[in-house]
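Listing of upload-v2.cif; format and content: mmCIF, C-alpha atoms.
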```cif
data_final
loop_
_atom_site.group_PDB
_atom_site.id
_atom_site.type_symbol
_atom_site.label_atom_id
_atom_site.label_comp_id
_atom_site.auth_asym_id
_atom_site.auth_seq_id
_atom_site.Cartn_x
_atom_site.Cartn_y
_atom_site.Cartn_z
ATOM 1 C CA MET A 234 -3.657 -23.758 21.114
ATOM 2 C CA THR A 235 -2.178 -21.847 18.193
ATOM 3 C CA SER A 236 -2.470 -18.077 18.083
ATOM 4 C CA LYS A 237 -4.866 -16.271 15.778
ATOM 5 C CA LEU A 238 -1.858 -14.939 13.896
ATOM 6 C CA ASP A 239 -0.638 -18.470 13.181
ATOM 7 C CA GLN A 240 -4.148 -19.509 12.174
ATOM 8 C CA LEU A 241 -4.375 -16.487 9.887
ATOM 9 C CA ARG A 242 -1.077 -17.383 8.244
ATOM 10 C CA GLU A 243 -2.542 -20.749 7.226
ATOM 11 C CA ILE A 244 -5.216 -19.093 5.039
ATOM 12 C CA THR A 245 -3.858 -15.612 4.223
ATOM 13 C CA THR A 246 -0.451 -14.225 3.276
ATOM 14 C CA VAL A 247 0.497 -11.889 6.131
ATOM 15 C CA VAL A 248 2.292 -8.676 5.212
ATOM 16 C CA ALA A 249 3.803 -6.149 7.631
ATOM 17 C CA ASP A 250 2.726 -2.539 7.183
ATOM 18 C CA THR A 251 5.861 -1.011 8.667
ATOM 19 C CA GLY A 252 9.450 0.101 8.245
ATOM 20 C CA ASP A 253 10.304 -1.067 11.768
ATOM 21 C CA ILE A 254 13.228 -3.420 11.154
ATOM 22 C CA GLU A 255 13.101 -4.993 14.616
ATOM 23 C CA ALA A 256 9.362 -5.673 14.333
ATOM 24 C CA VAL A 257 9.787 -7.272 10.906
ATOM 25 C CA ALA A 258 12.622 -9.469 12.165
ATOM 26 C CA ARG A 259 10.482 -10.550 15.118
ATOM 27 C CA LEU A 260 7.136 -11.060 13.375
ATOM 28 C CA LYS A 261 8.470 -12.630 10.165
ATOM 29 C CA PRO A 262 5.913 -11.465 7.589
ATOM 30 C CA VAL A 263 6.118 -12.658 3.984
ATOM 31 C CA ASP A 264 6.131 -9.149 2.489
ATOM 32 C CA CYS A 265 6.443 -5.550 3.677
ATOM 33 C CA THR A 266 4.649 -2.427 2.551
ATOM 34 C CA THR A 267 6.012 1.090 2.944
ATOM 35 C CA ASN A 268 4.785 4.605 2.197
ATOM 36 C CA PRO A 269 6.261 8.096 2.809
ATOM 37 C CA SER A 270 4.887 8.134 6.371
ATOM 38 C CA ILE A 271 6.479 4.766 7.177
ATOM 39 C CA VAL A 272 9.804 5.751 5.557
ATOM 40 C CA LEU A 273 9.896 9.005 7.513
ATOM 41 C CA LYS A 274 9.246 7.151 10.775
ATOM 42 C CA ALA A 275 11.910 4.534 10.008
ATOM 43 C CA LEU A 276 14.515 7.194 9.264
ATOM 44 C CA GLY A 277 13.873 8.704 12.686
ATOM 45 C CA THR A 278 15.322 5.603 14.364
ATOM 46 C CA PRO A 279 19.042 5.088 15.175
ATOM 47 C CA MET A 280 19.106 2.098 12.822
ATOM 48 C CA PHE A 281 19.159 4.370 9.784
ATOM 49 C CA ALA A 282 21.657 6.977 11.049
ATOM 50 C CA ASP A 283 24.411 5.562 8.828
ATOM 51 C CA ALA A 284 22.068 5.434 5.824
ATOM 52 C CA ILE A 285 21.305 9.127 6.280
ATOM 53 C CA LYS A 286 25.023 9.969 6.465
ATOM 54 C CA GLU A 287 25.708 7.938 3.314
ATOM 55 C CA ALA A 288 22.851 9.535 1.393
ATOM 56 C CA VAL A 289 23.874 13.049 2.435
ATOM 57 C CA ALA A 290 27.497 12.384 1.433
ATOM 58 C CA TRP A 291 26.238 11.102 -1.908
ATOM 59 C CA GLY A 292 24.030 14.158 -2.285
ATOM 60 C CA LYS A 293 26.965 16.515 -1.704
ATOM 61 C CA LYS A 294 28.674 15.042 -4.769
ATOM 62 C CA GLN A 295 25.667 15.675 -7.011
ATOM 63 C CA GLY A 296 25.474 18.866 -8.992
ATOM 64 C CA GLY A 297 22.407 20.827 -9.985
ATOM 65 C CA ASN A 298 19.446 22.464 -8.320
ATOM 66 C CA PRO A 299 19.452 22.106 -4.490
ATOM 67 C CA GLU A 300 15.764 21.166 -4.536
ATOM 68 C CA ALA A 301 16.407 18.422 -7.086
ATOM 69 C CA VAL A 302 19.343 17.144 -5.014
ATOM 70 C CA SER A 303 17.181 17.040 -1.874
ATOM 71 C CA SER A 304 14.549 15.071 -3.763
ATOM 72 C CA ALA A 305 17.175 12.640 -5.078
ATOM 73 C CA VAL A 306 18.598 12.095 -1.593
ATOM 74 C CA ALA A 307 15.087 11.512 -0.216
ATOM 75 C CA ASP A 308 14.558 8.890 -2.943
ATOM 76 C CA ARG A 309 17.857 7.258 -2.013
ATOM 77 C CA LEU A 310 16.788 7.053 1.622
ATOM 78 C CA ALA A 311 13.458 5.454 0.711
ATOM 79 C CA ILE A 312 15.410 2.822 -1.228
ATOM 80 C CA SER A 313 17.682 2.309 1.808
ATOM 81 C CA VAL A 314 14.649 1.520 3.975
ATOM 82 C CA GLY A 315 13.282 -0.823 1.306
ATOM 83 C CA ALA A 316 16.637 -2.545 0.854
ATOM 84 C CA ALA A 317 16.892 -3.188 4.600
ATOM 85 C CA LEU A 318 13.435 -4.767 4.569
ATOM 86 C CA VAL A 319 14.234 -6.927 1.525
ATOM 87 C CA LYS A 320 16.918 -8.657 3.599
ATOM 88 C CA LEU A 321 14.319 -9.683 6.190
ATOM 89 C CA VAL A 322 11.388 -10.949 4.146
ATOM 90 C CA PRO A 323 11.229 -13.784 1.613
ATOM 91 C CA GLY A 324 8.755 -11.937 -0.589
ATOM 92 C CA ARG A 325 8.256 -8.396 -1.837
ATOM 93 C CA VAL A 326 8.724 -4.889 -0.512
ATOM 94 C CA SER A 327 6.439 -2.130 -1.785
ATOM 95 C CA THR A 328 8.059 1.222 -2.553
ATOM 96 C CA GLU A 329 5.870 4.194 -3.357
ATOM 97 C CA VAL A 330 6.006 6.557 -6.310
ATOM 98 C CA ASP A 331 5.909 10.178 -5.084
ATOM 99 C CA ALA A 332 2.391 11.179 -4.071
ATOM 100 C CA ASP A 333 2.753 14.515 -5.848
ATOM 101 C CA LEU A 334 2.953 12.590 -9.138
ATOM 102 C CA SER A 335 -0.419 10.894 -8.599
ATOM 103 C CA PHE A 336 -2.041 12.734 -11.518
ATOM 104 C CA ASP A 337 0.881 12.474 -13.945
ATOM 105 C CA THR A 338 1.167 9.149 -15.764
ATOM 106 C CA GLU A 339 4.437 9.849 -17.585
ATOM 107 C CA ALA A 340 6.196 11.233 -14.494
ATOM 108 C CA SER A 341 4.971 8.240 -12.473
ATOM 109 C CA LEU A 342 6.404 5.883 -15.087
ATOM 110 C CA ALA A 343 9.768 7.659 -15.005
ATOM 111 C CA LYS A 344 9.877 7.541 -11.199
ATOM 112 C CA ALA A 345 8.868 3.867 -11.071
ATOM 113 C CA ARG A 346 11.607 2.908 -13.534
ATOM 114 C CA ALA A 347 14.114 4.943 -11.526
ATOM 115 C CA ILE A 348 13.101 3.091 -8.350
ATOM 116 C CA ILE A 349 13.624 -0.278 -10.028
ATOM 117 C CA ALA A 350 17.030 0.884 -11.348
ATOM 118 C CA ALA A 351 18.056 2.106 -7.880
ATOM 119 C CA TYR A 352 17.250 -1.279 -6.356
ATOM 120 C CA LYS A 353 19.125 -3.002 -9.175
ATOM 121 C CA ASP A 354 22.195 -0.904 -8.323
ATOM 122 C CA ARG A 355 22.041 -2.497 -4.864
ATOM 123 C CA GLY A 356 21.754 -5.997 -6.287
ATOM 124 C CA ILE A 357 17.994 -6.269 -5.701
ATOM 125 C CA GLY A 358 15.941 -7.530 -8.639
ATOM 126 C CA GLN A 359 12.531 -6.216 -9.634
ATOM 127 C CA ASP A 360 11.028 -9.573 -8.652
ATOM 128 C CA ARG A 361 11.518 -8.480 -5.007
ATOM 129 C CA ILE A 362 9.838 -5.092 -5.410
ATOM 130 C CA LEU A 363 6.302 -3.842 -5.895
ATOM 131 C CA ILE A 364 5.892 -0.327 -7.267
ATOM 132 C CA LYS A 365 3.219 1.396 -5.222
ATOM 133 C CA LEU A 366 0.959 3.892 -6.977
ATOM 134 C CA ALA A 367 -2.161 5.780 -5.893
ATOM 135 C CA SER A 368 -5.333 4.401 -7.481
ATOM 136 C CA THR A 369 -6.045 7.507 -9.524
ATOM 137 C CA TRP A 370 -6.922 7.100 -13.185
ATOM 138 C CA GLU A 371 -3.396 8.280 -14.048
ATOM 139 C CA GLY A 372 -1.787 5.951 -11.516
ATOM 140 C CA ILE A 373 -3.718 2.984 -12.898
ATOM 141 C CA ARG A 374 -2.642 3.862 -16.446
ATOM 142 C CA ALA A 375 0.995 3.982 -15.305
ATOM 143 C CA ALA A 376 0.577 0.584 -13.652
ATOM 144 C CA GLU A 377 -0.864 -0.856 -16.863
ATOM 145 C CA VAL A 378 2.312 0.137 -18.752
ATOM 146 C CA LEU A 379 4.628 -1.071 -15.997
ATOM 147 C CA GLN A 380 2.905 -4.456 -15.810
ATOM 148 C CA LYS A 381 3.514 -4.928 -19.539
ATOM 149 C CA GLU A 382 7.200 -4.192 -18.852
ATOM 150 C CA GLY A 383 7.291 -6.935 -16.205
ATOM 151 C CA ILE A 384 7.272 -4.512 -13.252
ATOM 152 C CA ASP A 385 4.635 -5.591 -10.742
ATOM 153 C CA CYS A 386 2.554 -2.907 -9.056
ATOM 154 C CA ASN A 387 0.642 -2.361 -5.823
ATOM 155 C CA LEU A 388 -2.259 0.069 -6.297
ATOM 156 C CA THR A 389 -2.884 1.833 -3.005
ATOM 157 C CA LEU A 390 -5.367 4.345 -1.587
ATOM 158 C CA LEU A 391 -8.144 2.213 -3.018
ATOM 159 C CA PHE A 392 -11.575 2.915 -1.552
ATOM 160 C CA SER A 393 -14.106 1.838 -4.160
ATOM 161 C CA LYS A 394 -15.187 -0.911 -6.498
ATOM 162 C CA ALA A 395 -14.717 1.514 -9.405
ATOM 163 C CA GLN A 396 -10.999 1.710 -8.601
ATOM 164 C CA ALA A 397 -10.820 -2.071 -8.170
ATOM 165 C CA ILE A 398 -12.486 -2.694 -11.545
ATOM 166 C CA ALA A 399 -10.145 -0.257 -13.316
ATOM 167 C CA CYS A 400 -7.148 -1.985 -11.691
ATOM 168 C CA ALA A 401 -8.427 -5.376 -12.849
ATOM 169 C CA ASP A 402 -8.849 -4.034 -16.390
ATOM 170 C CA ALA A 403 -5.220 -2.832 -16.244
ATOM 171 C CA LYS A 404 -4.121 -6.291 -15.041
ATOM 172 C CA VAL A 405 -2.222 -4.924 -12.050
ATOM 173 C CA PHE A 406 -0.471 -7.411 -9.791
ATOM 174 C CA LEU A 407 -2.005 -6.330 -6.475
ATOM 175 C CA ILE A 408 -4.458 -3.846 -4.982
ATOM 176 C CA SER A 409 -4.560 -2.502 -1.434
ATOM 177 C CA PRO A 410 -8.191 -1.685 -0.601
ATOM 178 C CA PHE A 411 -8.295 0.326 2.615
ATOM 179 C CA VAL A 412 -10.497 -0.694 5.520
ATOM 180 C CA GLY A 413 -9.899 1.589 8.492
ATOM 181 C CA ARG A 414 -9.987 4.844 6.556
ATOM 182 C CA ILE A 415 -13.370 3.907 5.088
ATOM 183 C CA LEU A 416 -14.615 3.196 8.614
ATOM 184 C CA ASP A 417 -13.241 6.557 9.791
ATOM 185 C CA TRP A 418 -15.253 8.374 7.107
ATOM 186 C CA TYR A 419 -18.509 6.604 7.909
ATOM 187 C CA LYS A 420 -18.139 7.031 11.669
ATOM 188 C CA LYS A 421 -17.567 10.744 11.178
ATOM 189 C CA SER A 422 -20.386 11.003 8.634
ATOM 190 C CA THR A 423 -23.030 9.052 10.559
ATOM 191 C CA GLY A 424 -21.884 9.359 14.176
ATOM 192 C CA LYS A 425 -22.419 5.592 14.516
ATOM 193 C CA ASP A 426 -20.188 2.828 15.813
ATOM 194 C CA TYR A 427 -19.919 -0.344 13.751
ATOM 195 C CA THR A 428 -19.252 -3.981 14.595
ATOM 196 C CA ALA A 429 -16.666 -5.787 12.469
ATOM 197 C CA GLU A 430 -19.457 -7.409 10.438
ATOM 198 C CA GLU A 431 -21.159 -4.032 9.833
ATOM 199 C CA ASP A 432 -17.891 -2.216 9.143
ATOM 200 C CA PRO A 433 -18.210 -0.422 5.767
ATOM 201 C CA GLY A 434 -14.488 -0.961 5.104
ATOM 202 C CA VAL A 435 -14.783 -4.704 5.694
ATOM 203 C CA ILE A 436 -17.879 -4.866 3.474
ATOM 204 C CA SER A 437 -16.060 -2.962 0.699
ATOM 205 C CA VAL A 438 -13.118 -5.389 0.672
ATOM 206 C CA ARG A 439 -15.438 -8.399 0.756
ATOM 207 C CA GLU A 440 -17.322 -7.048 -2.277
ATOM 208 C CA ILE A 441 -14.099 -6.447 -4.202
ATOM 209 C CA TYR A 442 -12.741 -9.883 -3.265
ATOM 210 C CA ASN A 443 -15.989 -11.538 -4.407
ATOM 211 C CA TYR A 444 -15.998 -9.601 -7.703
ATOM 212 C CA TYR A 445 -12.442 -10.699 -8.449
ATOM 213 C CA LYS A 446 -13.041 -14.363 -7.579
ATOM 214 C CA ALA A 447 -16.393 -14.485 -9.383
ATOM 215 C CA ASN A 448 -14.705 -13.313 -12.568
ATOM 216 C CA ASP A 449 -11.435 -15.247 -12.195
ATOM 217 C CA ILE A 450 -9.440 -12.010 -11.943
ATOM 218 C CA LYS A 451 -5.844 -12.790 -10.989
ATOM 219 C CA THR A 452 -5.083 -9.443 -9.310
ATOM 220 C CA ILE A 453 -4.269 -10.044 -5.640
ATOM 221 C CA VAL A 454 -6.527 -8.417 -3.038
ATOM 222 C CA MET A 455 -4.551 -7.200 -0.019
ATOM 223 C CA GLY A 456 -6.697 -5.585 2.679
ATOM 224 C CA ALA A 457 -4.947 -2.647 4.347
ATOM 225 C CA SER A 458 -5.379 0.176 6.873
ATOM 226 C CA PHE A 459 -6.809 -1.659 9.858
ATOM 227 C CA ARG A 460 -8.133 -0.026 13.011
ATOM 228 C CA SER A 461 -8.682 -3.216 15.025
ATOM 229 C CA ALA A 462 -7.972 -6.929 15.127
ATOM 230 C CA GLY A 463 -11.708 -7.436 14.620
ATOM 231 C CA GLU A 464 -11.487 -5.959 11.123
ATOM 232 C CA ILE A 465 -8.622 -8.333 10.299
ATOM 233 C CA GLU A 466 -10.532 -11.343 11.591
ATOM 234 C CA ALA A 467 -13.549 -10.297 9.509
ATOM 235 C CA LEU A 468 -11.338 -10.604 6.393
ATOM 236 C CA ALA A 469 -9.576 -13.851 7.327
ATOM 237 C CA GLY A 470 -8.965 -15.760 4.111
ATOM 238 C CA CYS A 471 -8.400 -12.689 1.939
ATOM 239 C CA ASP A 472 -5.460 -13.183 -0.459
ATOM 240 C CA ARG A 473 -3.189 -10.962 1.634
ATOM 241 C CA LEU A 474 -3.557 -8.612 4.586
ATOM 242 C CA THR A 475 -1.020 -5.905 5.427
ATOM 243 C CA ILE A 476 -1.033 -5.330 9.171
ATOM 244 C CA SER A 477 0.749 -2.972 11.572
ATOM 245 C CA PRO A 478 3.087 -4.485 14.209
ATOM 246 C CA ASN A 479 0.806 -3.628 17.153
ATOM 247 C CA LEU A 480 -2.099 -5.551 15.605
ATOM 248 C CA LEU A 481 0.192 -8.427 14.597
ATOM 249 C CA ASP A 482 1.303 -8.625 18.235
ATOM 250 C CA GLU A 483 -2.320 -8.565 19.407
ATOM 251 C CA LEU A 484 -3.200 -11.471 17.108
ATOM 252 C CA ALA A 485 -0.068 -13.355 18.204
ATOM 253 C CA LYS A 486 -1.179 -13.157 21.848
ATOM 254 C CA ASP A 487 -4.767 -14.275 21.176
ATOM 255 C CA GLU A 488 -5.236 -18.049 21.232
ATOM 256 C CA GLY A 489 -8.931 -18.016 20.390
ATOM 257 C CA LYS A 490 -10.351 -19.724 17.312
ATOM 258 C CA LEU A 491 -10.128 -17.819 14.030
ATOM 259 C CA GLU A 492 -12.967 -18.429 11.583
ATOM 260 C CA ARG A 493 -12.311 -18.196 7.854
ATOM 261 C CA LYS A 494 -14.540 -15.502 6.347
ATOM 262 C CA LEU A 495 -13.388 -15.386 2.712
ATOM 263 C CA SER A 496 -12.562 -18.127 0.227
ATOM 264 C CA PRO A 497 -12.710 -18.458 -3.564
ATOM 265 C CA GLU A 498 -15.202 -21.309 -3.185
ATOM 266 C CA SER A 499 -17.746 -19.068 -1.422
ATOM 267 C CA ARG A 500 -17.921 -16.524 -4.258
ATOM 268 C CA LYS A 501 -21.287 -15.366 -5.544
ATOM 269 C CA PRO A 502 -22.101 -14.295 -9.112
ATOM 270 C CA ASP A 503 -21.145 -10.688 -9.878
ATOM 271 C CA PRO A 504 -21.110 -9.897 -13.620
ATOM 272 C CA LYS A 505 -17.833 -8.571 -14.995
ATOM 273 C CA VAL A 506 -17.781 -4.991 -16.253
ATOM 274 C CA SER A 507 -15.143 -2.623 -17.594
ATOM 275 C CA VAL A 508 -14.749 1.087 -17.008
ATOM 276 C CA ASP A 509 -13.402 3.748 -19.320
ATOM 277 C CA GLU A 510 -12.082 7.081 -18.058
ATOM 278 C CA LYS A 511 -15.427 8.870 -18.218
ATOM 279 C CA THR A 512 -17.199 6.082 -16.325
ATOM 280 C CA PHE A 513 -14.424 5.855 -13.756
ATOM 281 C CA ARG A 514 -14.486 9.569 -13.028
ATOM 282 C CA TRP A 515 -18.275 9.614 -12.810
ATOM 283 C CA MET A 516 -18.364 6.634 -10.422
ATOM 284 C CA MET A 517 -15.748 8.323 -8.235
ATOM 285 C CA ASN A 518 -17.691 11.577 -8.364
ATOM 286 C CA GLU A 519 -20.789 9.757 -7.114
ATOM 287 C CA ASP A 520 -18.851 8.170 -4.225
ATOM 288 C CA ALA A 521 -18.140 10.993 -1.777
ATOM 289 C CA MET A 522 -16.234 8.730 0.615
ATOM 290 C CA ALA A 523 -13.856 7.364 -2.032
ATOM 291 C CA THR A 524 -13.271 10.790 -3.572
ATOM 292 C CA GLU A 525 -12.549 12.449 -0.219
ATOM 293 C CA LYS A 526 -10.371 9.667 1.196
ATOM 294 C CA LEU A 527 -8.317 9.333 -2.005
ATOM 295 C CA ALA A 528 -7.605 13.071 -2.050
ATOM 296 C CA GLU A 529 -6.906 13.127 1.691
ATOM 297 C CA GLY A 530 -4.524 10.171 1.422
ATOM 298 C CA ILE A 531 -2.566 11.739 -1.424
ATOM 299 C CA ARG A 532 -2.285 15.005 0.531
ATOM 300 C CA ALA A 533 -1.081 13.183 3.657
ATOM 301 C CA PHE A 534 1.574 11.196 1.781
ATOM 302 C CA ALA A 535 2.677 14.317 -0.086
ATOM 303 C CA LYS A 536 3.000 16.178 3.210
ATOM 304 C CA ASP A 537 5.208 13.467 4.708
ATOM 305 C CA LEU A 538 7.257 13.372 1.524
ATOM 306 C CA GLY A 539 7.706 17.139 1.860
ATOM 307 C CA THR A 540 8.785 16.691 5.488
ATOM 308 C CA LEU A 541 11.364 14.111 4.398
ATOM 309 C CA ARG A 542 12.729 16.418 1.705
ATOM 310 C CA THR A 543 12.946 19.307 4.188
ATOM 311 C CA MET A 544 14.848 17.082 6.628
ATOM 312 C CA VAL A 545 17.250 16.116 3.848
ATOM 313 C CA GLN A 546 17.728 19.760 2.877
ATOM 314 C CA LYS A 547 18.706 20.624 6.450
ATOM 315 C CA GLU A 548 21.144 17.712 6.589
ATOM 316 C CA LEU A 549 22.717 18.833 3.319
ATOM 317 C CA GLN A 550 23.044 22.385 4.597
ATOM 318 C CA LEU A 551 24.699 21.165 7.813
ATOM 319 C CA ALA A 552 27.098 19.002 5.812
ATOM 320 C CA ALA A 553 28.036 21.975 3.657
ATOM 321 C CA ALA A 554 28.687 24.298 6.621
#
```
Would you write out, as structure tokens, the structure that this file holds?
Amino acid sequence: MTSKLDQLREITTVVADTGDIEAVARLKPVDCTTNPSIVLKALGTPMFADAIKEAVAWGKKQGGNPEAVSSAVADRLAISVGAALVKLVPGRVSTEVDADLSFDTEASLAKARAIIAAYKDRGIGQDRILIKLASTWEGIRAAEVLQKEGIDCNLTLLFSKAQAIACADAKVFLISPFVGRILDWYKKSTGKDYTAEEDPGVISVREIYNYYKANDIKTIVMGASFRSAGEIEALAGCDRLTISPNLLDELAKDEGKLERKLSPESRKPDPKVSVDEKTFRWMMNEDAMATEKLAEGIRAFAKDLGTLRTMVQKELQLAAA
């Protein structure tokens, strides 16, 4: 009997939500996604000790404001993690634009282009990278420009159909609608437990997937942020699913039958609409869960980015002593 992971791979592109090099080598996903939290965790392993030394030595040679140097070194380290992952997967690696730029379109564009240039300096083409941006109005506008420049984007921290529609209008390459964080909000709000079929996060992704397929929207739907294997199974057949190593291992050990839940053929009519900025902001305002989880996610990523920059600052200070 084949494992549920192998069965899933037959109908969905499996992506690893990790910077764990050993796990990626073992589990062999097609793509990898990273974020500041994942980068910070990866850099805490012995595998990246040399990368930290190299980045700090590079940073010592840079002139200018110490804070700017720390930020540049942190960026270099994020690229080092991404570059290591590129060597292990046949597809793409997502690298995130700084969370503290989530409401600044022009700064996000500048950072995204710098990320692509940094990968190019290491011999890695933009066809191997996805630029990851928060699904704010400003982030979506940045993605729209980048897509026209041939730079594919992954719109993350997506919690609502309003965000998904705006991303489709912008013709972004891929969206990452979150599942587990939506469930967290509803469990806290209602005090209820949910089965996989009742899970509000699962239902949200199914609705977005159906809307895209019903309207022949080419943007890829990649479910993310899973709390259990049950949530993953409930989205079997989704275009892509980005999954943590512990849940990939759980699926690899389970030899039960996996039922396909999503397919383009099973789509139901859902009229296409477009959203302008005013409509987008109003729809987000009316969705307390999406508004709160988007803000919380940006704060969490910004905090981890700050932790990374502080770590770099300390390393630079030690190197200068």
Might you pull out every residue within 9 Å of stretch 358-372 of chain A, with only C-alpha atoms counted and same-chain residues fewer than 4 positions away left off, and present them as number ranges by chain?
A: 266-268, 315, 319, 323-332, 334-339, 341-342, 345, 348-350, 352-353, 376-377, 379, 383-392, 396-397, 399-400, 406-408, 510, 513-514, 527, 530-531
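When the distance limit is 8 Å and only C-alpha atoms are what count, the residues near A:Ile244, minus those fewer than 2 positions from it on the same chain, are Gln240, Leu241, Arg242, Thr246, Ala469, Gly470, Cys471 and Arg493 of chain A.
The environment of A:Glu300 within 10 Å, counting only C-alpha atoms and disregarding residues fewer than 2 places along the same chain, consists of A:Gly297, A:Asn298, A:Val302, A:Ser303, A:Ser304, A:Ala305, A:Val306, A:Arg542, A:Thr543, A:Val545, A:Gln546.
When the PyMOL selection byres ((chain A and resi 485-488) around 9) is run on the displayed coordinates, the residues it returns are Met234, Thr235, Ser236, Lys237, Leu238, Asp239, Leu260, Leu480, Leu481, Asp482, Glu483, Leu484, Gly489, Lys490 and Leu491 of chain A.
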Provide an axis-aligned box for all listed atoms of stretch 508-522 of chain A, padding each side by 6 Å; report its centre and its edge lengths in Å to one decimal, as JSON.
```
{"center_x": -16.4, "center_y": 6.3, "center_z": -9.4, "size_x": 20.7, "size_y": 22.5, "size_z": 31.9}
```
Mind telling me what the PyMOL selection byres ((chain A and resi 460) around 6) catches here, as an NGL selection string?
:A and (413 or 459 or 461)
Let me know the residues the PyMOL selection byres ((chain A and resi 476) around 7) catches in the file above, as a PyMOL selection string.
chain A and resi 248-250+457+459+474-475+477-478+480-481
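Picture a line from atom CA of A:Arg355 to atom CA of A:Lys404; it runs 28.3 Å.
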Min atom-atom distance to A:Lys394 from the set A:Glu548, A:Asp264, A:Glu440, A:Glu529, counting only C-alpha atoms, belongs to A:Glu440
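Of the listed residues (A:Ile398, A:Ala317, A:Ala523, A:Ile357), A:Ala523 comes nearest to A:Trp418; the distances count all atoms listed in the file.
Going from atom CA of A:Gly356 to atom CA of A:Ser313 covers 12.3 Å.
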Residues near A:Val438, cut-off 10 Å, only C-alpha atoms, skip fewer than 3 positions along chain, as an mmCIF file with C-alpha atoms, in the frame of the given file:
```cif
data_model
loop_
_atom_site.group_PDB
_atom_site.id
_atom_site.type_symbol
_atom_site.label_atom_id
_atom_site.label_comp_id
_atom_site.auth_asym_id
_atom_site.auth_seq_id
_atom_site.Cartn_x
_atom_site.Cartn_y
_atom_site.Cartn_z
ATOM 1 C CA LEU A 391 -8.144 2.213 -3.018
ATOM 2 C CA PHE A 392 -11.575 2.915 -1.552
ATOM 3 C CA SER A 393 -14.106 1.838 -4.160
ATOM 4 C CA LYS A 394 -15.187 -0.911 -6.498
ATOM 5 C CA ALA A 397 -10.820 -2.071 -8.170
ATOM 6 C CA SER A 409 -4.560 -2.502 -1.434
ATOM 7 C CA PRO A 410 -8.191 -1.685 -0.601
ATOM 8 C CA PHE A 411 -8.295 0.326 2.615
ATOM 9 C CA VAL A 412 -10.497 -0.694 5.520
ATOM 10 C CA PRO A 433 -18.210 -0.422 5.767
ATOM 11 C CA GLY A 434 -14.488 -0.961 5.104
ATOM 12 C CA VAL A 435 -14.783 -4.704 5.694
ATOM 13 C CA ILE A 441 -14.099 -6.447 -4.202
ATOM 14 C CA TYR A 442 -12.741 -9.883 -3.265
ATOM 15 C CA ASN A 443 -15.989 -11.538 -4.407
ATOM 16 C CA TYR A 444 -15.998 -9.601 -7.703
ATOM 17 C CA VAL A 454 -6.527 -8.417 -3.038
ATOM 18 C CA MET A 455 -4.551 -7.200 -0.019
ATOM 19 C CA GLY A 456 -6.697 -5.585 2.679
ATOM 20 C CA ALA A 457 -4.947 -2.647 4.347
ATOM 21 C CA LEU A 468 -11.338 -10.604 6.393
ATOM 22 C CA CYS A 471 -8.400 -12.689 1.939
#
```
For N, CA and C atoms, please extract stretch 370-381 of chain A from the block and return it as an mmCIF file, in the first residue's frame.
```cif
data_model
loop_
_atom_site.group_PDB
_atom_site.id
_atom_site.type_symbol
_atom_site.label_atom_id
_atom_site.label_comp_id
_atom_site.auth_asym_id
_atom_site.auth_seq_id
_atom_site.Cartn_x
_atom_site.Cartn_y
_atom_site.Cartn_z
ATOM 1 N N TRP A 370 -3.126 45.451 0.471
ATOM 2 C CA TRP A 370 -3.381 46.123 -0.794
ATOM 3 C C TRP A 370 -2.068 46.554 -1.438
ATOM 4 N N GLU A 371 -1.144 47.087 -0.621
ATOM 5 C CA GLU A 371 0.140 47.556 -1.133
ATOM 6 C C GLU A 371 1.011 46.406 -1.631
ATOM 7 N N GLY A 372 0.975 45.284 -0.915
ATOM 8 C CA GLY A 372 1.731 44.114 -1.342
ATOM 9 C C GLY A 372 1.223 43.562 -2.663
ATOM 10 N N ILE A 373 -0.093 43.558 -2.821
ATOM 11 C CA ILE A 373 -0.695 43.069 -4.073
ATOM 12 C C ILE A 373 -0.343 43.985 -5.238
ATOM 13 N N ARG A 374 -0.317 45.286 -4.984
ATOM 14 C CA ARG A 374 0.064 46.240 -6.043
ATOM 15 C C ARG A 374 1.528 46.024 -6.451
ATOM 16 N N ALA A 375 2.389 45.773 -5.478
ATOM 17 C CA ALA A 375 3.795 45.493 -5.793
ATOM 18 C C ALA A 375 3.893 44.227 -6.640
ATOM 19 N N ALA A 376 3.132 43.210 -6.268
ATOM 20 C CA ALA A 376 3.156 41.951 -7.021
ATOM 21 C C ALA A 376 2.690 42.155 -8.451
ATOM 22 N N GLU A 377 1.696 43.007 -8.639
ATOM 23 C CA GLU A 377 1.189 43.283 -9.990
ATOM 24 C C GLU A 377 2.299 43.838 -10.882
ATOM 25 N N VAL A 378 3.109 44.750 -10.345
ATOM 26 C CA VAL A 378 4.224 45.330 -11.103
ATOM 27 C C VAL A 378 5.290 44.269 -11.370
ATOM 28 N N LEU A 379 5.627 43.514 -10.342
ATOM 29 C CA LEU A 379 6.676 42.499 -10.479
ATOM 30 C C LEU A 379 6.293 41.443 -11.504
ATOM 31 N N GLN A 380 5.028 41.035 -11.498
ATOM 32 C CA GLN A 380 4.584 40.030 -12.475
ATOM 33 C C GLN A 380 4.766 40.542 -13.898
ATOM 34 N N LYS A 381 4.511 41.818 -14.118
ATOM 35 C CA LYS A 381 4.696 42.401 -15.452
ATOM 36 C C LYS A 381 6.174 42.430 -15.846
#
```
